[in-house]
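Read through the structure below, which is laid out as structure tokens, and then see the notes.
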2 protein chains.
Amino acid sequence: MISRPPRPRERGIPEATVARLPVYLRALQALQDRGTATVSSEDLAGAAGVNSAKLRKDLSHLGSYGTRGVGYEVEYLVYQISRELGLTQDWSVAIVGIGNLGRALANYGGFGTRGFRIAALLDADPEVVGRSVASLDVRHIDNLEEVVRDKGVSIGVIATPAGSAQGVAGRFVEAGVTSILNFAPVVLNVPDGVDVRKVDLSIELQILAFHAQRRADVDGPGAERAGLEVT
Amino acid sequence: MISRPPRPRERGIPEATVARLPVYLRALQALQDRGTATVSSEDLAGAAGVNSAKLRKDLSHLGSYGTRGVGYEVEYLVYQISRELGLTQDWSVAIVGIGNLGRALANYGGFGTRGFRIAALLDADPEVVGRSVASLDVRHIDNLEEVVRDKGVSIGVIATPAGSAQGVAGRFVEAGVTSILNFAPVVLNVPDGVDVRKVDLSIELQILAFHAQRRADVDGPGAERAGLEVT
DNA sequence: CCCACTTTGTGCGTGCTTTCACAAGCGCGT
DNA sequence: ACGCGCTTGTGAAAGCACGCACAAAGTGGG
């Protein structure tokens, strides 16, 4: 049992790479819309805003889908990345908290690539329940478990106030949802095996403020415009 | 060839640490509201969802603000982190693109910590211009340069459709804004010295889908839980 | 068929991040 | 004053990530 099959297809794709694949995918789809058939790593890297060596190494984790001397076939690569990301199947998404943000998310029609379908909108406020948002009726949060079961929800989006987020997360988990996208500004506590990703506006702003302050400090008072790389 | 002077030794807080400081700050403020005076690295790390050694190393970059055998004084640490992040001064923010998302951002009142003030809302749609959102009149995008100058805007938030984002970014940069938070699903092209951070819903969803798919694969085909599946 | 040219895939050095493990420091009880 | 228990701050090691630079592999022209 020493012989290795020609293509082991290891599942060990680095996290940093996974985070960039969606960016590549978007760039590729833009090329596809423009009718481009093949693209070099150099050009694609430019469109995605990364170093070309990094892009090639990222893609090499999926397999050898390029042709030396030519580049990558756009359509084929779109398919391979989509498949790797799991976008060839349909993911059913439920959004809890139909405030300003929840509405924005519900109306964010083009979910990047297809692959995601908003199955339900839930809220606790009687004022909001029953209203129609993005062609869906907002249902009461009490129906969460039922909705998850009946609609086969596999991804839960939390857009509630901070105080309600942990409770909603717990109910999602209890109902069997193992992927959660959290917009509430709290650290969610979930059992192992549940994947939580956080999106937090105020954190991003604070990071921007830090860099802005550092620029101001370093450049010295008075020097407004200057070249200092920050990423 | 660019010579590399050994400069960044002075204020060299690692990027990874900066990204976590806002999380610590929020946890500390929660403790403060609950009247807690001091906290150990173990407890604070728990509240922030990180390893305690990492937390201590992160804080050590700011200075020695803890007391061995006791922990950290909450109030003092809140101040130190706030100062480091630049939240002790006021940052003036302009939001461009008052669609669903822009409205959500404008109404997101408690900007984490104080430190940020929404100075203006801008949009290109005559239908939206003139309306009042979050106690501010939406102004036409043509006034961008004037608004940046008069209100001292230092952070620009882009919540427009993808097609308009690059143009808005260019105008922000031209007007002297060097910090941009981009919600549009495109890679922005900006000169050196301008700091762009991106928040992208569909990318986060795709990363979740990847992990969910991998879990399903590993658990074995057929071990899929009830519901869904469009094979 | 061969050669010049293009572009991929990757070995390797470098630097950043995380984690462990423990000495040093501080408060408290005796 | 002294020692004990607790907690910080930090060397050192291990693990990742990035980007250079180049061999390998393919294309096309003569």
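Letters A, B, ... mark the chains of the structure tokens in the order given; residue numbers begin at 1 per chain; ligand numbers begin at 1, in order shown.
Once chain A is least-squares aligned to chain B over all ordered C-alpha pairs, the remaining root-mean-square deviation is 5.1 Å.
All chain D residues having an atom within 7 Å of chain A, based on only C-alpha atoms (C1' of nucleotides), amount to DG19, DA25, DG26 and DT27 of chain D.
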- Message: What's around region 146-148 of chain A at 7 Å? Count only C-alpha atoms (C1' of nucleotides), leave out sequence neighbours fewer than 4 positions away in its own chain, and write the answer as JSON, numbers by chain.
- Response: {"A": [152, 153, 175]}
Would you save the residues from that selection as an mmCIF file, in the first residue's frame, using C-alpha atoms?
data_model
loop_
_atom_site.group_PDB
_atom_site.id
_atom_site.type_symbol
_atom_site.label_atom_id
_atom_site.label_comp_id
_atom_site.auth_asym_id
_atom_site.auth_seq_id
_atom_site.Cartn_x
_atom_site.Cartn_y
_atom_site.Cartn_z
ATOM 1 C CA GLY A 152 -34.148 22.064 4.651
ATOM 2 C CA VAL A 153 -32.313 25.134 5.886
ATOM 3 C CA ALA A 175 -32.641 22.530 14.955
#
- Counting only C-alpha atoms, collect the residues of chain B whose closest atom lies at most 7 Å from chain A, and write them out as a PyMOL selection string. chain B and resi 18-19+22+48-49+85-86+100-101+103-104+111-112+179+187+192-193+195+202-203+206-210+212-213+227-228+230
- Task: Find the residues near Val168 (chain A): any atom within 8 Å, counting only C-alpha atoms (C1' of nucleotides), skip ones fewer than 3 places away on the same chain, and give them as an MDAnalysis selection string.
- Result: chainID A and resid 96 158 164:165 171:172
Could you write those residues out with C-alpha atoms, as a PDB file, in the first residue's frame?
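The result, written out as result_17.pdb:
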ATOM      1  CA  VAL A  96     -33.487  35.959  11.306  1.00  0.00           C
ATOM      2  CA  ILE A 158     -28.409  36.202  12.195  1.00  0.00           C
ATOM      3  CA  SER A 164     -31.036  38.145  20.788  1.00  0.00           C
ATOM      4  CA  ALA A 165     -28.231  36.644  18.755  1.00  0.00           C
ATOM      5  CA  ARG A 171     -32.118  27.456  18.369  1.00  0.00           C
ATOM      6  CA  PHE A 172     -30.476  27.134  14.985  1.00  0.00           C
TER       7      PHE A 172
END
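You will find CA of Gly35 (chain B) at 26.5 Å from C1' of DG9 (chain D).
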- Message: Could you tell me which residues of chain A sit within 10 Å of chain C when counting only C-alpha atoms (C1' of nucleotides), and give me the result as an MDAnalysis selection string?
- Response: chainID A and resid 40:42 53 56:57 59:60 64:72
Using N, CA and C atoms, can you write the selected residues to a file as a PDB file, in the first residue's frame?
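result-v3.pdb, written as the output of this step:
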ATOM      1  N   SER A  40      -4.537  34.139 -18.377  1.00  0.00           N
ATOM      2  CA  SER A  40      -3.276  33.771 -17.735  1.00  0.00           C
ATOM      3  C   SER A  40      -3.352  34.085 -16.248  1.00  0.00           C
ATOM      4  N   SER A  41      -2.479  33.450 -15.480  1.00  0.00           N
ATOM      5  CA  SER A  41      -2.485  33.696 -14.041  1.00  0.00           C
ATOM      6  C   SER A  41      -2.186  35.164 -13.756  1.00  0.00           C
ATOM      7  N   GLU A  42      -1.370  35.740 -14.612  1.00  0.00           N
ATOM      8  CA  GLU A  42      -1.008  37.137 -14.435  1.00  0.00           C
ATOM      9  C   GLU A  42      -2.238  38.038 -14.531  1.00  0.00           C
ATOM     10  N   ALA A  53       1.800  34.547  -8.370  1.00  0.00           N
ATOM     11  CA  ALA A  53       2.332  33.288  -7.832  1.00  0.00           C
ATOM     12  C   ALA A  53       1.366  32.720  -6.796  1.00  0.00           C
ATOM     13  N   ARG A  56      -1.524  31.107  -8.594  1.00  0.00           N
ATOM     14  CA  ARG A  56      -1.195  29.790  -9.151  1.00  0.00           C
ATOM     15  C   ARG A  56      -1.113  28.739  -8.058  1.00  0.00           C
ATOM     16  N   LYS A  57      -0.520  29.124  -6.939  1.00  0.00           N
ATOM     17  CA  LYS A  57      -0.424  28.152  -5.843  1.00  0.00           C
ATOM     18  C   LYS A  57      -1.814  27.813  -5.311  1.00  0.00           C
ATOM     19  N   LEU A  59      -4.645  27.835  -6.974  1.00  0.00           N
ATOM     20  CA  LEU A  59      -5.332  26.976  -7.936  1.00  0.00           C
ATOM     21  C   LEU A  59      -4.717  25.577  -7.960  1.00  0.00           C
ATOM     22  N   SER A  60      -3.426  25.502  -7.680  1.00  0.00           N
ATOM     23  CA  SER A  60      -2.774  24.189  -7.714  1.00  0.00           C
ATOM     24  C   SER A  60      -3.340  23.270  -6.631  1.00  0.00           C
ATOM     25  N   SER A  64      -4.406  20.376 -11.318  1.00  0.00           N
ATOM     26  CA  SER A  64      -3.711  21.065 -12.414  1.00  0.00           C
ATOM     27  C   SER A  64      -4.692  21.382 -13.528  1.00  0.00           C
ATOM     28  N   TYR A  65      -5.293  22.523 -13.430  1.00  0.00           N
ATOM     29  CA  TYR A  65      -6.311  22.858 -14.409  1.00  0.00           C
ATOM     30  C   TYR A  65      -5.843  23.884 -15.431  1.00  0.00           C
ATOM     31  N   GLY A  66      -4.557  24.179 -15.428  1.00  0.00           N
ATOM     32  CA  GLY A  66      -4.047  25.147 -16.390  1.00  0.00           C
ATOM     33  C   GLY A  66      -3.261  24.459 -17.496  1.00  0.00           C
ATOM     34  N   THR A  67      -2.977  25.196 -18.536  1.00  0.00           N
ATOM     35  CA  THR A  67      -2.152  24.678 -19.623  1.00  0.00           C
ATOM     36  C   THR A  67      -0.933  25.575 -19.772  1.00  0.00           C
ATOM     37  N   ARG A  68       0.238  24.978 -19.592  1.00  0.00           N
ATOM     38  CA  ARG A  68       1.463  25.777 -19.680  1.00  0.00           C
ATOM     39  C   ARG A  68       1.590  26.398 -21.062  1.00  0.00           C
ATOM     40  N   GLY A  69       2.005  27.616 -21.057  1.00  0.00           N
ATOM     41  CA  GLY A  69       2.152  28.321 -22.318  1.00  0.00           C
ATOM     42  C   GLY A  69       0.872  28.991 -22.769  1.00  0.00           C
ATOM     43  N   VAL A  70      -0.243  28.617 -22.157  1.00  0.00           N
ATOM     44  CA  VAL A  70      -1.537  29.156 -22.584  1.00  0.00           C
ATOM     45  C   VAL A  70      -2.257  29.890 -21.450  1.00  0.00           C
ATOM     46  N   GLY A  71      -2.510  29.178 -20.369  1.00  0.00           N
ATOM     47  CA  GLY A  71      -3.242  29.777 -19.271  1.00  0.00           C
ATOM     48  C   GLY A  71      -4.346  28.855 -18.811  1.00  0.00           C
ATOM     49  N   TYR A  72      -5.407  29.450 -18.249  1.00  0.00           N
ATOM     50  CA  TYR A  72      -6.526  28.654 -17.747  1.00  0.00           C
ATOM     51  C   TYR A  72      -7.752  28.878 -18.623  1.00  0.00           C
TER      52      TYR A  72
END
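The residues of region 149-198 of chain B that DSSP assigns to strand (DSSP E or B) on this backbone come out as Ile155, Gly156, Val157, Ile158, Ser179, Ile180, Leu181, Asn182, Asp195, Val196, Arg197 and Lys198 of chain B.
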Please, could you write that set of residues out with N, CA and C atoms as an mmCIF file, in the first residue's frame?
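Below is the file result.cif, written as the result:
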data_model
loop_
_atom_site.group_PDB
_atom_site.id
_atom_site.type_symbol
_atom_site.label_atom_id
_atom_site.label_comp_id
_atom_site.auth_asym_id
_atom_site.auth_seq_id
_atom_site.Cartn_x
_atom_site.Cartn_y
_atom_site.Cartn_z
ATOM 1 N N ILE B 155 -13.355 58.902 6.434
ATOM 2 C CA ILE B 155 -13.638 57.520 6.075
ATOM 3 C C ILE B 155 -14.834 57.480 5.131
ATOM 4 N N GLY B 156 -14.655 56.820 3.997
ATOM 5 C CA GLY B 156 -15.743 56.697 3.040
ATOM 6 C C GLY B 156 -16.282 55.284 3.019
ATOM 7 N N VAL B 157 -17.599 55.166 3.050
ATOM 8 C CA VAL B 157 -18.229 53.851 2.983
ATOM 9 C C VAL B 157 -18.961 53.733 1.649
ATOM 10 N N ILE B 158 -18.652 52.683 0.910
ATOM 11 C CA ILE B 158 -19.270 52.480 -0.403
ATOM 12 C C ILE B 158 -20.281 51.349 -0.323
ATOM 13 N N SER B 179 -9.251 56.338 3.686
ATOM 14 C CA SER B 179 -9.762 55.116 4.293
ATOM 15 C C SER B 179 -11.123 54.802 3.686
ATOM 16 N N ILE B 180 -11.243 53.625 3.114
ATOM 17 C CA ILE B 180 -12.493 53.267 2.430
ATOM 18 C C ILE B 180 -12.965 51.896 2.883
ATOM 19 N N LEU B 181 -14.248 51.829 3.209
ATOM 20 C CA LEU B 181 -14.872 50.558 3.549
ATOM 21 C C LEU B 181 -15.820 50.202 2.414
ATOM 22 N N ASN B 182 -15.532 49.098 1.734
ATOM 23 C CA ASN B 182 -16.261 48.760 0.510
ATOM 24 C C ASN B 182 -17.184 47.563 0.675
ATOM 25 N N ASP B 195 -6.195 53.074 2.148
ATOM 26 C CA ASP B 195 -6.502 51.833 2.838
ATOM 27 C C ASP B 195 -7.928 51.410 2.510
ATOM 28 N N VAL B 196 -8.053 50.257 1.887
ATOM 29 C CA VAL B 196 -9.389 49.759 1.550
ATOM 30 C C VAL B 196 -9.665 48.469 2.302
ATOM 31 N N ARG B 197 -10.798 48.402 2.946
ATOM 32 C CA ARG B 197 -11.241 47.138 3.538
ATOM 33 C C ARG B 197 -12.532 46.729 2.871
ATOM 34 N N LYS B 198 -12.702 45.424 2.704
ATOM 35 C CA LYS B 198 -13.843 44.930 1.962
ATOM 36 C C LYS B 198 -14.716 44.071 2.868
#
- Message: Env of Glu127 (chain A): 12 Å cut, atoms = only C-alpha atoms (C1' of nucleotides), seq-sep filter 3 positions within chain, self excluded. Answer as JSON, numbers by chain.
- Response: {"A": [98, 99, 123, 124, 130, 131, 132, 138, 139, 140]}
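Secondary structure by DSSP on the backbone puts the following residues of region 66-148 of chain B in alpha helix (DSSP H): Val74, Glu75, Tyr76, Leu77, Val78, Tyr79, Gln80, Ile81, Ser82, Arg83, Glu84, Leu85, Asn100, Leu101, Gly102, Arg103, Ala104, Leu105, Ala106, Asn107, Leu144, Glu145, Glu146, Val147 and Val148 of chain B.
You will find CA of Asp125 (chain B) at 29.5 Å from CA of Gln32 (chain A).
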- Straight-line distance linking CA of Val133 (chain A) with CA of Val173 (chain A), stated in Å to one decimal: 25.1 Å
